[in-house]
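input_1.txt follows (compact mmCIF, C-alpha atoms and all ligand atoms):
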# COMPACT_ATOMS: atom_id res chain seq x y z
CA MET G 1 11.26 -84.28 -120.97
CA LYS G 2 13.18 -81.08 -120.45
CA LYS G 3 16.91 -80.78 -121.08
CA THR G 4 19.04 -80.42 -117.96
CA ILE G 5 22.61 -79.34 -117.31
CA ARG G 6 23.57 -83.01 -117.63
CA ASP G 7 22.55 -82.95 -121.30
CA VAL G 8 24.95 -80.22 -122.40
CA ASP G 9 28.69 -79.66 -122.40
CA VAL G 10 29.39 -76.76 -120.06
CA LYS G 11 33.19 -76.87 -120.01
CA GLY G 12 34.71 -73.47 -120.71
CA LYS G 13 31.27 -71.97 -121.29
CA ARG G 14 29.89 -68.86 -119.66
CA VAL G 15 26.72 -70.18 -118.03
CA LEU G 16 24.04 -67.73 -116.88
CA VAL G 17 22.02 -69.25 -114.05
CA ARG G 18 18.73 -67.77 -112.77
CA CYS G 19 18.57 -68.70 -109.09
CA ASP G 20 16.02 -67.93 -106.41
CA PHE G 21 18.13 -66.12 -103.82
CA ASN G 22 15.11 -64.21 -102.53
CA VAL G 23 16.11 -64.95 -98.91
CA PRO G 24 14.54 -63.38 -95.81
CA MET G 25 16.71 -60.52 -94.51
CA GLN G 26 16.73 -58.49 -91.33
CA GLU G 27 18.93 -55.40 -91.02
CA GLY G 28 21.22 -56.54 -93.80
CA ARG G 29 21.57 -60.08 -92.43
CA ILE G 30 20.28 -63.25 -94.01
CA THR G 31 17.96 -64.91 -91.47
CA ASP G 32 17.45 -68.15 -93.41
CA ASP G 33 19.80 -69.34 -96.16
CA ASN G 34 17.76 -72.38 -97.27
CA ARG G 35 17.29 -71.02 -100.76
CA ILE G 36 21.03 -70.47 -101.21
CA GLN G 37 21.74 -73.99 -99.91
CA ALA G 38 19.14 -75.40 -102.31
CA ALA G 39 21.00 -74.03 -105.34
CA LEU G 40 24.41 -75.44 -104.30
CA PRO G 41 24.18 -78.82 -106.10
CA THR G 42 23.59 -77.10 -109.46
CA ILE G 43 26.28 -74.47 -108.89
CA ARG G 44 28.81 -77.08 -107.71
CA TYR G 45 28.03 -79.33 -110.66
CA LEU G 46 28.67 -76.48 -113.09
CA LEU G 47 31.89 -75.42 -111.37
CA ASP G 48 33.15 -79.01 -111.15
CA HIS G 49 32.51 -79.41 -114.87
CA GLY G 50 34.60 -76.39 -115.76
CA ALA G 51 31.83 -73.88 -116.43
CA ARG G 52 32.27 -70.12 -115.89
CA VAL G 53 29.24 -69.40 -113.77
CA ILE G 54 27.27 -66.14 -113.76
CA LEU G 55 24.45 -66.17 -111.21
CA MET G 56 21.46 -63.87 -111.16
CA SER G 57 18.43 -63.47 -108.89
CA HIS G 58 15.94 -61.00 -107.51
CA LEU G 59 15.63 -60.06 -103.85
CA GLY G 60 12.54 -58.45 -102.36
CA ARG G 61 10.68 -55.70 -104.17
CA PRO G 62 12.96 -52.77 -104.96
CA LYS G 63 10.43 -51.83 -107.66
CA GLY G 64 12.87 -51.04 -110.44
CA GLU G 65 15.23 -48.90 -108.37
CA ALA G 66 18.76 -49.55 -107.10
CA LYS G 67 18.15 -49.58 -103.34
CA SER G 68 21.08 -50.70 -101.23
CA GLU G 69 18.89 -52.56 -98.72
CA PHE G 70 17.96 -54.94 -101.56
CA SER G 71 21.53 -55.50 -102.74
CA LEU G 72 22.57 -59.12 -103.28
CA GLU G 73 25.97 -58.47 -101.73
CA PRO G 74 25.14 -60.37 -98.48
CA VAL G 75 24.14 -63.33 -100.67
CA ALA G 76 27.52 -63.22 -102.45
CA VAL G 77 29.26 -63.29 -99.06
CA ARG G 78 27.16 -66.19 -97.76
CA LEU G 79 27.53 -68.12 -101.01
CA SER G 80 31.33 -67.70 -100.87
CA GLN G 81 31.33 -69.26 -97.41
CA LEU G 82 29.14 -72.17 -98.49
CA LEU G 83 31.10 -72.86 -101.68
CA GLU G 84 34.42 -72.19 -99.98
CA LYS G 85 35.28 -70.21 -103.06
CA ASP G 86 35.37 -66.54 -104.03
CA VAL G 87 32.08 -65.36 -105.49
CA GLN G 88 32.89 -62.22 -107.48
CA PHE G 89 30.41 -59.40 -106.92
CA ARG G 90 30.24 -55.75 -107.88
CA SER G 91 27.12 -53.75 -107.04
CA CYS G 92 26.19 -52.32 -110.42
CA PRO G 93 23.01 -50.19 -110.19
CA THR G 94 22.07 -51.02 -113.79
CA VAL G 95 22.78 -54.76 -113.21
CA VAL G 96 24.69 -54.98 -116.50
CA CYS G 97 27.43 -52.44 -117.25
CA ASP G 98 30.96 -52.39 -118.76
CA THR G 99 32.55 -53.51 -115.47
CA ILE G 100 30.17 -56.45 -115.22
CA LYS G 101 30.80 -57.39 -118.87
CA GLU G 102 34.56 -57.33 -118.27
CA MET G 103 34.14 -59.47 -115.14
CA ALA G 104 32.08 -62.00 -117.09
CA ASP G 105 34.55 -62.03 -119.97
CA SER G 106 37.55 -62.61 -117.75
CA LEU G 107 35.99 -65.45 -115.71
CA LYS G 108 38.09 -68.61 -115.86
CA ASP G 109 36.84 -72.17 -115.88
CA GLY G 110 35.44 -73.04 -112.46
CA GLU G 111 35.02 -69.41 -111.38
CA VAL G 112 31.76 -67.80 -110.31
CA MET G 113 30.23 -64.33 -110.10
CA LEU G 114 26.88 -62.96 -108.97
CA LEU G 115 25.00 -60.10 -110.64
CA GLU G 116 23.21 -57.40 -108.67
CA ASN G 117 19.46 -57.74 -107.94
CA VAL G 118 17.77 -57.93 -111.36
CA ARG G 119 14.77 -56.05 -109.97
CA PHE G 120 16.93 -52.93 -109.65
CA ARG G 121 15.70 -52.49 -113.22
CA LYS G 122 12.01 -52.13 -113.95
CA GLU G 123 12.77 -53.73 -117.32
CA GLU G 124 13.12 -57.02 -115.41
CA THR G 125 9.45 -57.43 -114.52
CA ASP G 126 8.42 -55.76 -117.81
CA ASN G 127 10.31 -58.56 -119.58
CA ASP G 128 11.94 -55.89 -121.70
CA PRO G 129 13.69 -57.53 -124.69
CA GLU G 130 16.67 -55.14 -124.62
CA PHE G 131 17.34 -55.86 -120.95
CA ALA G 132 16.91 -59.59 -121.56
CA ARG G 133 19.39 -59.32 -124.41
CA SER G 134 21.98 -57.50 -122.33
CA LEU G 135 21.69 -60.15 -119.61
CA ALA G 136 21.95 -62.88 -122.24
CA SER G 137 25.03 -61.22 -123.77
CA LEU G 138 26.96 -62.14 -120.62
CA GLY G 139 26.56 -65.90 -121.16
CA GLU G 140 26.45 -68.64 -123.75
CA LEU G 141 23.94 -70.92 -122.04
CA PHE G 142 20.95 -70.20 -119.77
CA VAL G 143 20.17 -72.42 -116.80
CA GLN G 144 16.75 -72.09 -115.17
CA GLU G 145 16.96 -72.86 -111.45
CA ALA G 146 14.37 -70.48 -109.94
CA PHE G 147 11.06 -72.30 -109.56
CA GLY G 148 9.62 -69.63 -107.26
CA THR G 149 9.53 -67.13 -110.15
CA ALA G 150 8.99 -69.61 -113.01
CA HIS G 151 5.33 -68.55 -113.24
CA ARG G 152 6.44 -65.03 -114.14
CA ALA G 153 7.55 -64.01 -117.62
CA HIS G 154 10.37 -61.69 -116.60
CA ALA G 155 13.58 -60.79 -118.43
CA SER G 156 15.77 -63.05 -116.26
CA THR G 157 13.25 -65.93 -116.01
CA ALA G 158 12.02 -66.17 -119.59
CA GLY G 159 13.21 -63.29 -121.83
CA VAL G 160 16.88 -64.35 -121.80
CA ALA G 161 15.93 -67.65 -123.41
CA ASP G 162 15.08 -65.77 -126.62
CA TYR G 163 18.80 -65.25 -127.04
CA LEU G 164 20.37 -68.31 -125.41
CA PRO G 165 19.83 -72.07 -125.39
CA ALA G 166 18.03 -72.95 -122.13
CA VAL G 167 18.26 -76.00 -119.86
CA SER G 168 17.10 -76.72 -116.33
CA GLY G 169 19.13 -77.03 -113.15
CA PHE G 170 18.59 -79.78 -110.60
CA LEU G 171 15.92 -77.95 -108.57
CA ILE G 172 13.74 -77.34 -111.60
CA GLU G 173 14.33 -80.89 -112.78
CA LYS G 174 12.96 -82.18 -109.46
CA GLU G 175 9.94 -79.85 -109.50
CA VAL G 176 9.00 -80.93 -113.01
CA LYS G 177 9.59 -84.59 -112.21
CA PHE G 178 7.32 -84.64 -109.14
CA LEU G 179 4.65 -82.05 -109.91
CA GLY G 180 4.54 -82.99 -113.59
CA GLY G 181 4.77 -86.69 -112.80
CA ALA G 182 1.84 -86.53 -110.40
CA LEU G 183 -0.36 -84.79 -112.96
CA GLU G 184 0.66 -86.74 -116.04
CA ASP G 185 1.35 -90.26 -114.93
CA PRO G 186 0.48 -90.77 -111.25
CA GLU G 187 0.81 -94.03 -109.38
CA ARG G 188 -2.83 -94.82 -108.43
CA PRO G 189 -4.89 -94.34 -106.41
CA PHE G 190 -4.11 -90.65 -106.77
CA VAL G 191 -5.32 -88.65 -103.76
CA ALA G 192 -5.26 -84.86 -103.56
CA ILE G 193 -5.71 -83.00 -100.29
CA MET G 194 -6.87 -79.41 -100.52
CA GLY G 195 -7.06 -77.01 -97.63
CA GLY G 196 -6.12 -73.48 -96.69
CA ALA G 197 -8.15 -70.41 -96.10
CA LYS G 198 -10.33 -69.65 -99.12
CA VAL G 199 -12.01 -71.69 -101.84
CA GLY G 200 -11.70 -68.79 -104.26
CA ASP G 201 -7.90 -68.97 -104.36
CA LYS G 202 -7.91 -72.66 -105.17
CA ILE G 203 -10.88 -73.17 -107.52
CA PRO G 204 -8.73 -73.55 -110.65
CA VAL G 205 -6.53 -76.07 -108.84
CA ILE G 206 -9.54 -78.08 -107.64
CA GLU G 207 -11.06 -78.03 -111.13
CA ASN G 208 -7.87 -79.30 -112.73
CA LEU G 209 -7.30 -81.96 -110.06
CA LEU G 210 -10.87 -83.25 -110.40
CA LYS G 211 -9.89 -84.37 -113.92
CA LYS G 212 -6.94 -86.36 -112.59
CA VAL G 213 -7.49 -87.74 -109.09
CA ASP G 214 -9.32 -90.75 -107.71
CA THR G 215 -10.02 -89.11 -104.35
CA LEU G 216 -10.20 -85.46 -103.35
CA ILE G 217 -9.96 -84.60 -99.67
CA ILE G 218 -11.05 -81.15 -98.52
CA GLY G 219 -10.17 -79.53 -95.21
CA GLY G 220 -9.14 -76.19 -93.73
CA GLY G 221 -11.06 -72.95 -94.04
CA MET G 222 -12.42 -73.78 -97.48
CA ALA G 223 -14.54 -76.61 -96.07
CA TYR G 224 -17.04 -74.13 -94.60
CA THR G 225 -17.95 -72.68 -97.97
CA PHE G 226 -18.69 -76.24 -99.11
CA PHE G 227 -20.78 -76.79 -95.94
CA ARG G 228 -22.83 -73.69 -96.77
CA SER G 229 -23.44 -75.02 -100.28
CA MET G 230 -24.77 -78.18 -98.61
CA GLY G 231 -27.14 -76.10 -96.50
CA PHE G 232 -25.40 -76.32 -93.10
CA THR G 233 -24.96 -73.33 -90.82
CA ILE G 234 -21.32 -72.62 -90.04
CA GLY G 235 -21.40 -70.14 -87.15
CA THR G 236 -18.68 -67.52 -87.54
CA SER G 237 -16.37 -69.79 -89.57
CA ILE G 238 -14.43 -68.32 -92.47
CA LEU G 239 -16.70 -68.10 -95.52
CA ASP G 240 -15.98 -67.30 -99.14
CA GLU G 241 -19.44 -65.83 -99.69
CA GLY G 242 -19.09 -65.25 -103.42
CA ASN G 243 -18.14 -68.85 -104.08
CA ILE G 244 -20.88 -70.82 -102.30
CA ASP G 245 -22.60 -71.73 -105.58
CA LEU G 246 -19.31 -72.64 -107.17
CA ALA G 247 -18.50 -74.92 -104.26
CA GLY G 248 -21.81 -76.68 -104.89
CA LYS G 249 -20.95 -77.02 -108.55
CA LEU G 250 -17.57 -78.53 -107.71
CA LEU G 251 -19.31 -81.15 -105.57
CA LYS G 252 -21.46 -82.04 -108.58
CA LYS G 253 -18.49 -82.09 -110.90
CA ALA G 254 -16.69 -84.50 -108.59
CA GLU G 255 -19.67 -86.80 -108.66
CA GLU G 256 -19.89 -86.68 -112.46
CA ALA G 257 -16.17 -87.37 -112.75
CA GLY G 258 -16.47 -90.37 -110.45
CA VAL G 259 -14.08 -88.76 -107.96
CA LYS G 260 -14.54 -89.72 -104.35
CA LEU G 261 -14.80 -86.41 -102.49
CA LEU G 262 -14.28 -86.31 -98.74
CA LEU G 263 -15.31 -83.39 -96.56
CA PRO G 264 -14.81 -83.10 -92.79
CA VAL G 265 -17.47 -84.90 -90.72
CA ASP G 266 -16.54 -83.13 -87.49
CA VAL G 267 -14.74 -79.91 -86.58
CA VAL G 268 -12.88 -78.26 -83.73
CA CYS G 269 -14.69 -74.98 -83.03
CA ALA G 270 -13.45 -71.95 -81.10
CA ASP G 271 -15.24 -68.94 -79.66
CA ARG G 272 -12.42 -66.62 -80.79
CA PHE G 273 -9.59 -66.66 -83.33
CA GLU G 274 -7.04 -67.24 -80.55
CA ASN G 275 -4.91 -70.15 -79.42
CA ASP G 276 -6.42 -70.03 -75.90
CA ALA G 277 -10.01 -69.74 -77.11
CA ARG G 278 -12.75 -71.92 -75.60
CA THR G 279 -13.10 -74.94 -77.87
CA LEU G 280 -15.71 -77.52 -78.74
CA ILE G 281 -15.59 -80.59 -80.95
CA THR G 282 -18.81 -81.07 -82.86
CA ASP G 283 -20.28 -82.85 -85.88
CA ARG G 284 -20.33 -80.61 -88.93
CA GLU G 285 -24.12 -80.19 -88.75
CA ASN G 286 -23.94 -78.69 -85.25
CA ILE G 287 -21.50 -75.78 -85.35
CA PRO G 288 -22.83 -73.27 -82.75
CA ASP G 289 -23.85 -69.87 -84.13
CA ASP G 290 -21.26 -68.03 -82.03
CA MET G 291 -18.29 -70.32 -82.80
CA MET G 292 -15.93 -70.83 -85.74
CA GLY G 293 -14.42 -73.99 -87.19
CA MET G 294 -10.65 -73.92 -86.70
CA ASP G 295 -9.52 -77.50 -87.42
CA ILE G 296 -10.80 -80.85 -88.62
CA GLY G 297 -12.08 -83.07 -85.78
CA PRO G 298 -10.82 -86.51 -84.64
CA LYS G 299 -13.38 -88.52 -86.66
CA THR G 300 -12.30 -86.66 -89.76
CA VAL G 301 -8.64 -87.33 -88.99
CA GLU G 302 -9.46 -91.03 -88.87
CA LEU G 303 -11.43 -90.89 -92.12
CA TYR G 304 -8.67 -88.99 -93.93
CA THR G 305 -5.73 -91.04 -92.68
CA GLU G 306 -7.62 -94.21 -93.67
CA ALA G 307 -8.17 -92.84 -97.20
CA LEU G 308 -4.46 -92.02 -97.46
CA LYS G 309 -3.30 -95.51 -96.47
CA THR G 310 -3.83 -97.10 -99.89
CA ALA G 311 -2.75 -94.10 -101.99
CA GLY G 312 -0.08 -94.42 -104.66
CA THR G 313 0.33 -90.68 -105.14
CA ILE G 314 -0.61 -87.89 -102.73
CA VAL G 315 -0.57 -84.20 -103.61
CA TRP G 316 -1.18 -81.87 -100.70
CA ASN G 317 -1.96 -78.19 -100.85
CA GLY G 318 -3.28 -76.15 -97.95
CA PRO G 319 -3.35 -76.88 -94.20
CA MET G 320 -6.33 -78.61 -92.52
CA GLY G 321 -6.75 -75.92 -89.88
CA VAL G 322 -5.19 -72.85 -88.30
CA PHE G 323 -1.96 -74.80 -87.74
CA GLU G 324 -0.07 -71.66 -86.67
CA MET G 325 -1.91 -71.98 -83.33
CA PRO G 326 -0.91 -75.20 -81.50
CA ALA G 327 -4.51 -75.72 -80.29
CA PHE G 328 -5.64 -76.07 -83.91
CA ALA G 329 -2.65 -77.83 -85.48
CA LYS G 330 -3.69 -81.43 -84.74
CA GLY G 331 -5.50 -82.07 -88.03
CA THR G 332 -2.70 -80.69 -90.16
CA LYS G 333 -0.13 -82.61 -88.13
CA ALA G 334 -2.05 -85.88 -88.43
CA VAL G 335 -2.26 -85.50 -92.21
CA ALA G 336 1.45 -84.63 -92.38
CA GLU G 337 2.23 -87.76 -90.34
CA ALA G 338 0.03 -89.91 -92.58
CA LEU G 339 2.01 -88.66 -95.58
CA ALA G 340 5.30 -89.24 -93.78
CA GLU G 341 4.35 -92.86 -93.07
CA SER G 342 2.94 -93.52 -96.52
CA ASP G 343 4.78 -95.44 -99.25
CA ALA G 344 3.08 -93.23 -101.84
CA VAL G 345 4.82 -90.55 -103.84
CA THR G 346 4.12 -87.49 -101.67
CA VAL G 347 4.21 -83.99 -103.11
CA ILE G 348 3.63 -80.81 -101.12
CA GLY G 349 2.73 -77.59 -102.94
CA GLY G 350 1.89 -74.24 -101.39
CA GLY G 351 3.87 -72.02 -99.05
CA ASP G 352 1.92 -72.61 -95.84
CA SER G 353 1.62 -76.37 -96.34
CA ALA G 354 5.39 -76.55 -96.86
CA ALA G 355 5.91 -74.44 -93.71
CA ALA G 356 3.61 -76.76 -91.74
CA VAL G 357 5.55 -79.86 -92.82
CA GLU G 358 8.82 -78.12 -91.87
CA GLN G 359 7.37 -77.07 -88.51
CA PHE G 360 6.46 -80.68 -87.69
CA GLY G 361 9.99 -81.82 -88.63
CA LEU G 362 8.65 -84.14 -91.35
CA ALA G 363 10.11 -82.42 -94.40
CA ASP G 364 12.68 -85.13 -95.15
CA LYS G 365 9.93 -87.80 -95.11
CA MET G 366 8.22 -86.32 -98.19
CA SER G 367 9.12 -87.24 -101.78
CA HIS G 368 9.04 -83.59 -102.77
CA ILE G 369 8.28 -80.23 -101.21
CA SER G 370 7.88 -77.62 -103.88
CA THR G 371 10.07 -74.55 -103.46
CA GLY G 372 7.54 -72.27 -105.14
CA GLY G 373 4.22 -71.42 -103.48
CA GLY G 374 2.51 -69.51 -106.29
CA ALA G 375 4.37 -71.40 -109.01
CA SER G 376 3.35 -74.80 -107.63
CA LEU G 377 -0.30 -73.72 -107.54
CA GLU G 378 -0.17 -72.58 -111.15
CA PHE G 379 1.49 -75.87 -112.08
CA LEU G 380 -1.31 -77.80 -110.32
CA GLU G 381 -3.85 -75.65 -112.15
CA GLY G 382 -2.41 -77.12 -115.34
CA LYS G 383 -1.05 -73.77 -116.53
CA THR G 384 2.09 -73.49 -118.62
CA LEU G 385 4.74 -71.68 -116.60
CA PRO G 386 6.71 -69.24 -118.80
CA GLY G 387 9.99 -70.01 -117.04
CA ILE G 388 9.55 -73.74 -117.65
CA ALA G 389 8.18 -73.41 -121.19
CA VAL G 390 11.43 -71.78 -122.38
CA ILE G 391 13.52 -74.81 -121.37
CA GLU G 392 14.37 -76.92 -124.40
CA ASP G 393 12.89 -80.37 -124.75
CA LYS G 394 15.12 -83.41 -124.98
P1 LIG C 1 -0.91 -72.71 -98.92
O1 LIG C 1 0.04 -71.55 -98.70
O2 LIG C 1 -0.32 -74.00 -98.47
O3 LIG C 1 -1.39 -72.75 -100.34
P2 LIG C 1 -3.17 -71.19 -97.97
O4 LIG C 1 -2.37 -69.94 -98.09
O5 LIG C 1 -4.28 -71.39 -98.92
O6 LIG C 1 -2.19 -72.47 -98.00
O7 LIG C 1 -3.83 -71.27 -96.54
C1 LIG C 1 -3.11 -71.23 -95.36
C2 LIG C 1 -3.86 -70.54 -94.27
O8 LIG C 1 -5.16 -71.08 -94.10
C3 LIG C 1 -3.16 -70.69 -92.96
O9 LIG C 1 -2.67 -69.44 -92.54
C4 LIG C 1 -4.25 -71.22 -92.02
O10 LIG C 1 -4.23 -70.60 -90.75
C5 LIG C 1 -5.51 -70.87 -92.77
N1 LIG C 1 -6.62 -71.72 -92.33
C6 LIG C 1 -6.70 -73.06 -92.36
N2 LIG C 1 -7.85 -73.50 -91.82
C7 LIG C 1 -8.53 -72.39 -91.43
C8 LIG C 1 -9.78 -72.19 -90.78
N3 LIG C 1 -10.55 -73.21 -90.43
N4 LIG C 1 -10.15 -70.91 -90.53
C9 LIG C 1 -9.36 -69.88 -90.87
N5 LIG C 1 -8.18 -70.02 -91.49
C10 LIG C 1 -7.75 -71.25 -91.76
MG MG C 2 -0.34 -69.41 -98.43
Could I get this file's structure written as structure tokens?
Ligand code: ADP
Ligand code: MG
Amino acid sequence: MKKTIRDVDVKGKRVLVRCDFNVPMQEGRITDDNRIQAALPTIRYLLDHGARVILMSHLGRPKGEAKSEFSLEPVAVRLSQLLEKDVQFRSCPTVVCDTIKEMADSLKDGEVMLLENVRFRKEETDNDPEFARSLASLGELFVQEAFGTAHRAHASTAGVADYLPAVSGFLIEKEVKFLGGALEDPERPFVAIMGGAKVGDKIPVIENLLKKVDTLIIGGGMAYTFFRSMGFTIGTSILDEGNIDLAGKLLKKAEEAGVKLLLPVDVVCADRFENDARTLITDRENIPDDMMGMDIGPKTVELYTEALKTAGTIVWNGPMGVFEMPAFAKGTKAVAEALAESDAVTVIGGGDSAAAVEQFGLADKMSHISTGGGASLEFLEGKTLPGIAVIEDK
């Protein structure tokens, strides 16, 4: 178990919090403030408990240079509105400077400031120890709250913890509880659903999950590489050519591990990669040479939703079809609905899967939707995330 902000006394302390304020921006305006909203419970908790809060984050890819279009100033403004409290901000091109040190030193209990984009310094992504130390010198305690960058060993996500005691905020606590809980001590049967575009991207995840799950369901674009390994023709469907043999090996591994592996039995084909393409529903053995598989078919939907009914834990990564096009969103939607109706612990990892669940308006029906696409995949691969590893154990 990792220590959280509840396990330490924060009153009167300068608390340095790494947030994920990497919000989408258009012409200097924040177009979606979800990530800022998500950090509010941790920030409010700290302020209510008398901490002096110093927030830091990255935004976009300024590549180690102070570029005004990547300034966190709009985030400070938005955060002030949401907290109904002044969020002190000074755009310091070096992130830490004498002015910033003075601001941090003169913070009073219950006051909050935000540092400039840590990626204005190339030392951030280099995890430079001197930069980490200068960030750390601002605070007395480090709070990790940025899951989206927890798989990166950067100065503000990992390096600072060499100089400060480190605990997790509420967002990280929830990620570790659900992702870690599913992998370490799942309610059974444990069912994983894997989809998305390519097998190659997800092989390490599939390999790790095969050691843990009772049932593995495969859908989406990766299914066609498995079909090829089984000797079927797949028309013009997406194929991960270099991984056909590996797909075959994974099928064998599943069998050896006693994991029930489900592949689509029918598919929705299209003659073009377009929403208004001509479509055909066919059994997986009969995909026409000039068509591509775009979604799982109705028989598969039935098979998969049936398999999900008895599950105790469901981890889902990767959509079942090209859900961005309404004509090919049915499979993904049906799986999302099955999860929404299930009593199982339901965990969604992966950026596009999370977006799909949001799009269908089912987000609040899931036990947990991971806030980190890449980070959640690395977690499911069984890797140690540097930003999580630095958090002290209880
Ligand atoms: P996640 O972000 O959840 O990990 P991925 O990035 O692996 O998921 O995959 C998402 C993408 O896979 C989506 O853009 C979707 O359109 C695509 N996809 C799903 N099924 C197919 C298919 N049959 N053919 C082509 N692309 C597909
Ligand atoms: Mg993706």
- prompt: Which residue out of G:Ile217, G:Val301, G:Ile391, G:Ala277 has the minimum interatomic distance to Leu262 in chain G when all atoms listed in the file are used?
  reply: G:Ile217
- request: Go through G:Glu65, G:Glu358, G:Asp185, G:Asp32 one by one, measure the shortest atom-to-atom distance of each to Thr125 in chain G using only C-alpha atoms, and give the residue with the smallest value.
  value: G:Glu65
Give me the range 11-77 of chain G side of the contact with range 171-181 of chain G, cut-off 12 Å, one line per residue showing its nearest atom pair and distance in Å at one decimal, counting only C-alpha atoms, sorted by chain and residue number, as JSON lines.
{"residue": "G:Val17", "atom": "CA", "partner": "G:Ile172", "partner_atom": "CA", "distance": 11.8}
{"residue": "G:Arg18", "atom": "CA", "partner": "G:Ile172", "partner_atom": "CA", "distance": 10.9}
{"residue": "G:Cys19", "atom": "CA", "partner": "G:Leu171", "partner_atom": "CA", "distance": 9.6}
{"residue": "G:Asp20", "atom": "CA", "partner": "G:Leu171", "partner_atom": "CA", "distance": 10.3}
{"residue": "G:Arg35", "atom": "CA", "partner": "G:Leu171", "partner_atom": "CA", "distance": 10.5}
{"residue": "G:Ile36", "atom": "CA", "partner": "G:Leu171", "partner_atom": "CA", "distance": 11.7}
{"residue": "G:Gln37", "atom": "CA", "partner": "G:Leu171", "partner_atom": "CA", "distance": 11.2}
{"residue": "G:Ala38", "atom": "CA", "partner": "G:Leu171", "partner_atom": "CA", "distance": 7.5}
{"residue": "G:Ala39", "atom": "CA", "partner": "G:Leu171", "partner_atom": "CA", "distance": 7.2}
{"residue": "G:Leu40", "atom": "CA", "partner": "G:Leu171", "partner_atom": "CA", "distance": 9.8}
{"residue": "G:Pro41", "atom": "CA", "partner": "G:Leu171", "partner_atom": "CA", "distance": 8.7}
{"residue": "G:Thr42", "atom": "CA", "partner": "G:Leu171", "partner_atom": "CA", "distance": 7.8}
{"residue": "G:Ile43", "atom": "CA", "partner": "G:Leu171", "partner_atom": "CA", "distance": 10.9}
Let me have all residues with an atom within 7 Å of ligand MG 2 (chain C), counting all atoms listed in the file, laid out as an mmCIF file with C-alpha atoms, keeping the file's coordinate frame.
data_model
loop_
_atom_site.group_PDB
_atom_site.id
_atom_site.type_symbol
_atom_site.label_atom_id
_atom_site.label_comp_id
_atom_site.auth_asym_id
_atom_site.auth_seq_id
_atom_site.Cartn_x
_atom_site.Cartn_y
_atom_site.Cartn_z
ATOM 1 C CA GLY G 350 1.890 -74.240 -101.390
ATOM 2 C CA GLY G 351 3.870 -72.020 -99.050
ATOM 3 C CA ASP G 352 1.920 -72.610 -95.840
#
Once you count all atoms listed in the file, which residues end up within 7 Å of ligand LIG 1 (chain C), and could you hand them over as a compact mmCIF listing (two decimals) with C-alpha atoms, in the coordinates of the input?
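Output below, filename result.txt:
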# COMPACT_ATOMS: atom_id res chain seq x y z
CA GLY G 195 -7.06 -77.01 -97.63
CA GLY G 196 -6.12 -73.48 -96.69
CA ALA G 197 -8.15 -70.41 -96.10
CA LYS G 198 -10.33 -69.65 -99.12
CA ASP G 201 -7.90 -68.97 -104.36
CA GLY G 220 -9.14 -76.19 -93.73
CA GLY G 221 -11.06 -72.95 -94.04
CA SER G 237 -16.37 -69.79 -89.57
CA ILE G 238 -14.43 -68.32 -92.47
CA GLY G 293 -14.42 -73.99 -87.19
CA MET G 294 -10.65 -73.92 -86.70
CA ASP G 295 -9.52 -77.50 -87.42
CA ASN G 317 -1.96 -78.19 -100.85
CA GLY G 318 -3.28 -76.15 -97.95
CA PRO G 319 -3.35 -76.88 -94.20
CA MET G 320 -6.33 -78.61 -92.52
CA GLY G 321 -6.75 -75.92 -89.88
CA VAL G 322 -5.19 -72.85 -88.30
CA PHE G 323 -1.96 -74.80 -87.74
CA GLU G 324 -0.07 -71.66 -86.67
CA GLY G 349 2.73 -77.59 -102.94
CA GLY G 350 1.89 -74.24 -101.39
CA GLY G 351 3.87 -72.02 -99.05
CA ASP G 352 1.92 -72.61 -95.84
CA SER G 353 1.62 -76.37 -96.34
CA ALA G 354 5.39 -76.55 -96.86
CA GLY G 373 4.22 -71.42 -103.48
Find the residues near Ala254 in chain G: any atom within 8 Å, counting all atoms listed in the file, skip ones fewer than 6 places away on the same chain, and give them as an mmCIF file with C-alpha atoms, in the frame of the given file.
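As written to disk, selection-v2.cif reads:
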data_model
loop_
_atom_site.group_PDB
_atom_site.id
_atom_site.type_symbol
_atom_site.label_atom_id
_atom_site.label_comp_id
_atom_site.auth_asym_id
_atom_site.auth_seq_id
_atom_site.Cartn_x
_atom_site.Cartn_y
_atom_site.Cartn_z
ATOM 1 C CA LEU G 210 -10.870 -83.250 -110.400
ATOM 2 C CA LYS G 260 -14.540 -89.720 -104.350
ATOM 3 C CA LEU G 261 -14.800 -86.410 -102.490
#
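Distances from G:Phe120, G:Phe131, G:Phe232, G:Phe190 to Trp316 in chain G were compared using all atoms listed in the file, and the smallest one belongs to G:Phe190.
Atom pair CA of Cys92 in chain G / CA of Glu116 in chain G has a distance of 6.1 Å (rounded to one decimal).
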query: Got a sec: who's within 12 Å of Lys252 in chain G, counting all atoms listed in the file, leaving out chain neighbours fewer than 3 positions off, as a PyMOL selection string?
result: chain G and resi 207+210+226+229-230+245-249+255-261
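What separates CA of Pro189 in chain G from CA of Ala307 in chain G is a distance of 9.9 Å.
Between CA of Leu135 in chain G and CA of Thr371 in chain G the interatomic distance comes to 24.6 Å.
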task: Identify, on the basis of only C-alpha atoms, every residue whose closest approach to Val118 in chain G does not exceed 12 Å; exclude the query and any residue fewer than 3 positions from it along the same chain; express the result as a count of residues only.
output: 44
